[in-house]
>>> print(open('input02.cif').read())   # mmCIF, N, CA and C atoms
data_work
loop_
_atom_site.label_atom_id
_atom_site.label_comp_id
_atom_site.auth_asym_id
_atom_site.auth_seq_id
_atom_site.Cartn_x
_atom_site.Cartn_y
_atom_site.Cartn_z
N MET Y 11 125.18 100.20 135.00
CA MET Y 11 125.13 101.52 134.45
C MET Y 11 124.48 102.50 135.43
N LYS Y 12 123.13 102.42 135.55
CA LYS Y 12 122.47 103.36 136.44
C LYS Y 12 122.26 102.72 137.80
N PRO Y 13 122.23 103.52 138.86
CA PRO Y 13 122.01 102.96 140.19
C PRO Y 13 120.64 102.28 140.26
N GLU Y 14 120.56 101.24 141.06
CA GLU Y 14 119.32 100.51 141.23
C GLU Y 14 118.23 101.45 141.73
N GLY Y 15 117.07 101.41 141.09
CA GLY Y 15 115.96 102.24 141.50
C GLY Y 15 115.97 103.64 140.89
N ALA Y 16 116.97 103.95 140.07
CA ALA Y 16 117.04 105.27 139.44
C ALA Y 16 115.92 105.40 138.41
N ALA Y 17 115.40 106.60 138.28
CA ALA Y 17 114.34 106.84 137.30
C ALA Y 17 114.89 106.73 135.88
N SER Y 18 114.05 106.31 134.97
CA SER Y 18 114.43 106.23 133.56
C SER Y 18 114.10 107.54 132.88
N VAL Y 19 114.80 107.82 131.82
CA VAL Y 19 114.55 108.99 130.99
C VAL Y 19 114.07 108.50 129.64
N ARG Y 20 112.99 109.07 129.14
CA ARG Y 20 112.45 108.67 127.85
C ARG Y 20 113.12 109.48 126.75
N ALA Y 21 113.44 108.81 125.64
CA ALA Y 21 114.05 109.48 124.50
C ALA Y 21 113.34 109.02 123.22
N SER Y 22 113.24 109.90 122.29
CA SER Y 22 112.67 109.57 120.98
C SER Y 22 113.82 109.52 119.98
N ILE Y 23 113.96 108.38 119.30
CA ILE Y 23 115.08 108.17 118.40
C ILE Y 23 114.55 107.73 117.04
N SER Y 24 115.08 108.31 115.99
CA SER Y 24 114.69 107.91 114.63
C SER Y 24 115.79 107.03 114.03
N PHE Y 25 115.35 105.99 113.31
CA PHE Y 25 116.27 105.09 112.64
C PHE Y 25 115.94 105.04 111.15
N PRO Y 26 116.94 104.80 110.33
CA PRO Y 26 116.63 104.54 108.91
C PRO Y 26 115.76 103.28 108.84
N PRO Y 27 114.85 103.21 107.88
CA PRO Y 27 113.94 102.06 107.81
C PRO Y 27 114.63 100.70 107.81
N ASP Y 28 115.75 100.57 107.12
CA ASP Y 28 116.42 99.26 107.07
C ASP Y 28 116.96 98.85 108.44
N ILE Y 29 117.49 99.80 109.20
CA ILE Y 29 117.99 99.49 110.54
C ILE Y 29 116.82 99.14 111.47
N TYR Y 30 115.74 99.89 111.35
CA TYR Y 30 114.56 99.63 112.18
C TYR Y 30 114.03 98.21 111.94
N GLU Y 31 113.99 97.80 110.69
CA GLU Y 31 113.53 96.45 110.36
C GLU Y 31 114.42 95.39 111.01
N VAL Y 32 115.73 95.60 110.97
CA VAL Y 32 116.66 94.65 111.60
C VAL Y 32 116.42 94.61 113.11
N LEU Y 33 116.25 95.77 113.73
CA LEU Y 33 115.99 95.82 115.17
C LEU Y 33 114.70 95.09 115.52
N GLU Y 34 113.66 95.29 114.73
CA GLU Y 34 112.39 94.59 114.97
C GLU Y 34 112.57 93.08 114.87
N GLN Y 35 113.32 92.65 113.87
CA GLN Y 35 113.55 91.21 113.67
C GLN Y 35 114.34 90.62 114.84
N LEU Y 36 115.38 91.33 115.28
CA LEU Y 36 116.16 90.86 116.43
C LEU Y 36 115.29 90.73 117.67
N ALA Y 37 114.44 91.72 117.89
CA ALA Y 37 113.55 91.69 119.06
C ALA Y 37 112.61 90.50 118.98
N LYS Y 38 112.07 90.27 117.79
CA LYS Y 38 111.15 89.15 117.61
C LYS Y 38 111.85 87.82 117.87
N GLU Y 39 113.06 87.67 117.33
CA GLU Y 39 113.81 86.42 117.52
C GLU Y 39 114.16 86.18 118.98
N LYS Y 40 114.49 87.26 119.71
CA LYS Y 40 114.87 87.13 121.11
C LYS Y 40 113.67 87.14 122.06
N LYS Y 41 112.47 87.43 121.48
CA LYS Y 41 111.24 87.51 122.26
C LYS Y 41 111.34 88.59 123.34
N VAL Y 42 111.85 89.74 122.93
CA VAL Y 42 111.95 90.91 123.79
C VAL Y 42 111.42 92.11 123.01
N SER Y 43 111.30 93.24 123.69
CA SER Y 43 110.83 94.44 123.00
C SER Y 43 111.96 95.06 122.19
N LEU Y 44 111.57 95.87 121.22
CA LEU Y 44 112.54 96.61 120.44
C LEU Y 44 113.32 97.55 121.37
N ALA Y 45 112.64 98.13 122.32
CA ALA Y 45 113.31 99.02 123.28
C ALA Y 45 114.40 98.27 124.05
N TRP Y 46 114.15 97.01 124.40
CA TRP Y 46 115.15 96.22 125.12
C TRP Y 46 116.40 96.04 124.24
N VAL Y 47 116.18 95.74 122.96
CA VAL Y 47 117.31 95.55 122.04
C VAL Y 47 118.15 96.82 121.97
N VAL Y 48 117.48 97.96 121.83
CA VAL Y 48 118.19 99.23 121.72
C VAL Y 48 118.93 99.54 123.02
N ARG Y 49 118.28 99.37 124.17
CA ARG Y 49 118.95 99.63 125.46
C ARG Y 49 120.17 98.72 125.63
N ASP Y 50 120.03 97.45 125.28
CA ASP Y 50 121.14 96.52 125.39
C ASP Y 50 122.32 96.97 124.53
N ALA Y 51 122.02 97.37 123.29
CA ALA Y 51 123.08 97.82 122.38
C ALA Y 51 123.76 99.08 122.91
N VAL Y 52 122.98 100.01 123.43
CA VAL Y 52 123.54 101.26 123.94
C VAL Y 52 124.38 101.00 125.19
N GLU Y 53 123.90 100.15 126.08
CA GLU Y 53 124.69 99.82 127.28
C GLU Y 53 126.03 99.21 126.90
N ARG Y 54 126.03 98.32 125.91
CA ARG Y 54 127.28 97.70 125.46
C ARG Y 54 128.21 98.75 124.84
N TYR Y 55 127.65 99.64 124.04
CA TYR Y 55 128.44 100.69 123.40
C TYR Y 55 129.07 101.60 124.44
N VAL Y 56 128.29 102.03 125.41
CA VAL Y 56 128.80 102.93 126.46
C VAL Y 56 129.90 102.23 127.25
N ALA Y 57 129.70 100.97 127.61
CA ALA Y 57 130.72 100.24 128.36
C ALA Y 57 132.01 100.13 127.55
N GLU Y 58 131.88 99.88 126.26
CA GLU Y 58 133.06 99.79 125.39
C GLU Y 58 133.80 101.13 125.32
N GLN Y 59 133.07 102.21 125.23
CA GLN Y 59 133.68 103.53 125.12
C GLN Y 59 134.36 103.96 126.43
N GLN Y 60 133.88 103.45 127.55
CA GLN Y 60 134.45 103.81 128.84
C GLN Y 60 135.63 102.91 129.22
N ALA Y 61 135.86 101.86 128.46
CA ALA Y 61 136.94 100.92 128.77
C ALA Y 61 138.30 101.50 128.39
#
>>> encode(input="input02.cif", output="structure tokens")
Amino acid sequence: MKPEGAASVRASISFPPDIYEVLEQLAKEKKVSLAWVVRDAVERYVAEQQA
């Protein structure tokens, strides 16, 4: 997606409580941060949209 070494941009995103709970659970199960789960999902979505 982004070039190696490119700066990250911070974003604030609100989720409905039920979605947030699912994201937290997925992160816990995968032993990663919630931010990682969200970035992974967004990267997959963007790749799908560009295909």
>>> residues_around(input="input02.cif", residues="Y:Ala21", least_positions_apart="3", cutoff="12 Å", atoms="only C-alpha atoms", output="PyMOL selection string")
chain Y and resi 18+24+45+48-49
>>> atom_distance(input="input02.cif", atom1="atom CA of Y:Ala51", atom2="atom CA of Y:Ala16")
19.6 Å
>>> closest_residue(input="input02.cif", among="Y:Ala17, Y:Ile23, Y:Leu33, Y:Ala61", to="Y:Trp46", atoms="only C-alpha atoms")
Y:Leu33
>>> atom_distance(input="input02.cif", atom1="atom C of Y:Pro27", atom2="atom C of Y:Gln59")
27.3 Å
>>> atom_distance(input="input02.cif", atom1="atom CA of Y:Lys38", atom2="atom N of Y:Gln60")
28.6 Å
>>> select_by_dssp(input="input02.cif", residues="chain Y", states="helix (DSSP H, G or I)", output="NGL selection string")
:Y and (27-40 or 44-60)
>>> decode(input="input02.cif", residues="stretch 17-31 of chain Y", atoms="N, CA, C and O atoms", output="PDB file, in the first residue's frame")
ATOM      1  N   ALA Y  17       5.556   8.126   6.182  1.00  0.00           N
ATOM      2  CA  ALA Y  17       4.978   8.498   7.475  1.00  0.00           C
ATOM      3  C   ALA Y  17       3.536   8.015   7.565  1.00  0.00           C
ATOM      4  O   ALA Y  17       2.837   7.927   6.562  1.00  0.00           O
ATOM      5  N   SER Y  18       3.112   7.713   8.769  1.00  0.00           N
ATOM      6  CA  SER Y  18       1.723   7.318   8.999  1.00  0.00           C
ATOM      7  C   SER Y  18       0.893   8.549   9.301  1.00  0.00           C
ATOM      8  O   SER Y  18       1.405   9.548   9.784  1.00  0.00           O
ATOM      9  N   VAL Y  19      -0.381   8.446   9.044  1.00  0.00           N
ATOM     10  CA  VAL Y  19      -1.333   9.502   9.360  1.00  0.00           C
ATOM     11  C   VAL Y  19      -2.269   8.966  10.423  1.00  0.00           C
ATOM     12  O   VAL Y  19      -2.795   7.857  10.293  1.00  0.00           O
ATOM     13  N   ARG Y  20      -2.488   9.726  11.473  1.00  0.00           N
ATOM     14  CA  ARG Y  20      -3.369   9.297  12.554  1.00  0.00           C
ATOM     15  C   ARG Y  20      -4.802   9.715  12.231  1.00  0.00           C
ATOM     16  O   ARG Y  20      -5.039  10.804  11.735  1.00  0.00           O
ATOM     17  N   ALA Y  21      -5.749   8.814  12.511  1.00  0.00           N
ATOM     18  CA  ALA Y  21      -7.157   9.100  12.288  1.00  0.00           C
ATOM     19  C   ALA Y  21      -7.952   8.667  13.521  1.00  0.00           C
ATOM     20  O   ALA Y  21      -7.600   7.686  14.174  1.00  0.00           O
ATOM     21  N   SER Y  22      -8.983   9.387  13.805  1.00  0.00           N
ATOM     22  CA  SER Y  22      -9.884   9.029  14.905  1.00  0.00           C
ATOM     23  C   SER Y  22     -11.173   8.508  14.280  1.00  0.00           C
ATOM     24  O   SER Y  22     -11.794   9.195  13.469  1.00  0.00           O
ATOM     25  N   ILE Y  23     -11.556   7.284  14.654  1.00  0.00           N
ATOM     26  CA  ILE Y  23     -12.710   6.637  14.047  1.00  0.00           C
ATOM     27  C   ILE Y  23     -13.639   6.153  15.148  1.00  0.00           C
ATOM     28  O   ILE Y  23     -13.186   5.554  16.128  1.00  0.00           O
ATOM     29  N   SER Y  24     -14.920   6.396  14.972  1.00  0.00           N
ATOM     30  CA  SER Y  24     -15.917   5.918  15.936  1.00  0.00           C
ATOM     31  C   SER Y  24     -16.618   4.684  15.374  1.00  0.00           C
ATOM     32  O   SER Y  24     -16.906   4.618  14.179  1.00  0.00           O
ATOM     33  N   PHE Y  25     -16.864   3.710  16.259  1.00  0.00           N
ATOM     34  CA  PHE Y  25     -17.565   2.490  15.883  1.00  0.00           C
ATOM     35  C   PHE Y  25     -18.779   2.312  16.780  1.00  0.00           C
ATOM     36  O   PHE Y  25     -18.747   2.692  17.945  1.00  0.00           O
ATOM     37  N   PRO Y  26     -19.811   1.678  16.259  1.00  0.00           N
ATOM     38  CA  PRO Y  26     -20.923   1.300  17.148  1.00  0.00           C
ATOM     39  C   PRO Y  26     -20.370   0.339  18.210  1.00  0.00           C
ATOM     40  O   PRO Y  26     -19.432  -0.430  17.926  1.00  0.00           O
ATOM     41  N   PRO Y  27     -20.911   0.377  19.415  1.00  0.00           N
ATOM     42  CA  PRO Y  27     -20.372  -0.470  20.487  1.00  0.00           C
ATOM     43  C   PRO Y  27     -20.275  -1.954  20.146  1.00  0.00           C
ATOM     44  O   PRO Y  27     -19.280  -2.598  20.507  1.00  0.00           O
ATOM     45  N   ASP Y  28     -21.246  -2.501  19.437  1.00  0.00           N
ATOM     46  CA  ASP Y  28     -21.198  -3.931  19.123  1.00  0.00           C
ATOM     47  C   ASP Y  28     -20.049  -4.261  18.177  1.00  0.00           C
ATOM     48  O   ASP Y  28     -19.372  -5.277  18.346  1.00  0.00           O
ATOM     49  N   ILE Y  29     -19.779  -3.396  17.208  1.00  0.00           N
ATOM     50  CA  ILE Y  29     -18.655  -3.621  16.290  1.00  0.00           C
ATOM     51  C   ILE Y  29     -17.330  -3.480  17.040  1.00  0.00           C
ATOM     52  O   ILE Y  29     -16.406  -4.272  16.845  1.00  0.00           O
ATOM     53  N   TYR Y  30     -17.248  -2.489  17.908  1.00  0.00           N
ATOM     54  CA  TYR Y  30     -16.026  -2.278  18.686  1.00  0.00           C
ATOM     55  C   TYR Y  30     -15.707  -3.505  19.540  1.00  0.00           C
ATOM     56  O   TYR Y  30     -14.557  -3.939  19.603  1.00  0.00           O
ATOM     57  N   GLU Y  31     -16.722  -4.082  20.154  1.00  0.00           N
ATOM     58  CA  GLU Y  31     -16.524  -5.283  20.967  1.00  0.00           C
ATOM     59  C   GLU Y  31     -15.981  -6.435  20.126  1.00  0.00           C
ATOM     60  O   GLU Y  31     -15.093  -7.168  20.570  1.00  0.00           O
TER      61      GLU Y  31
END
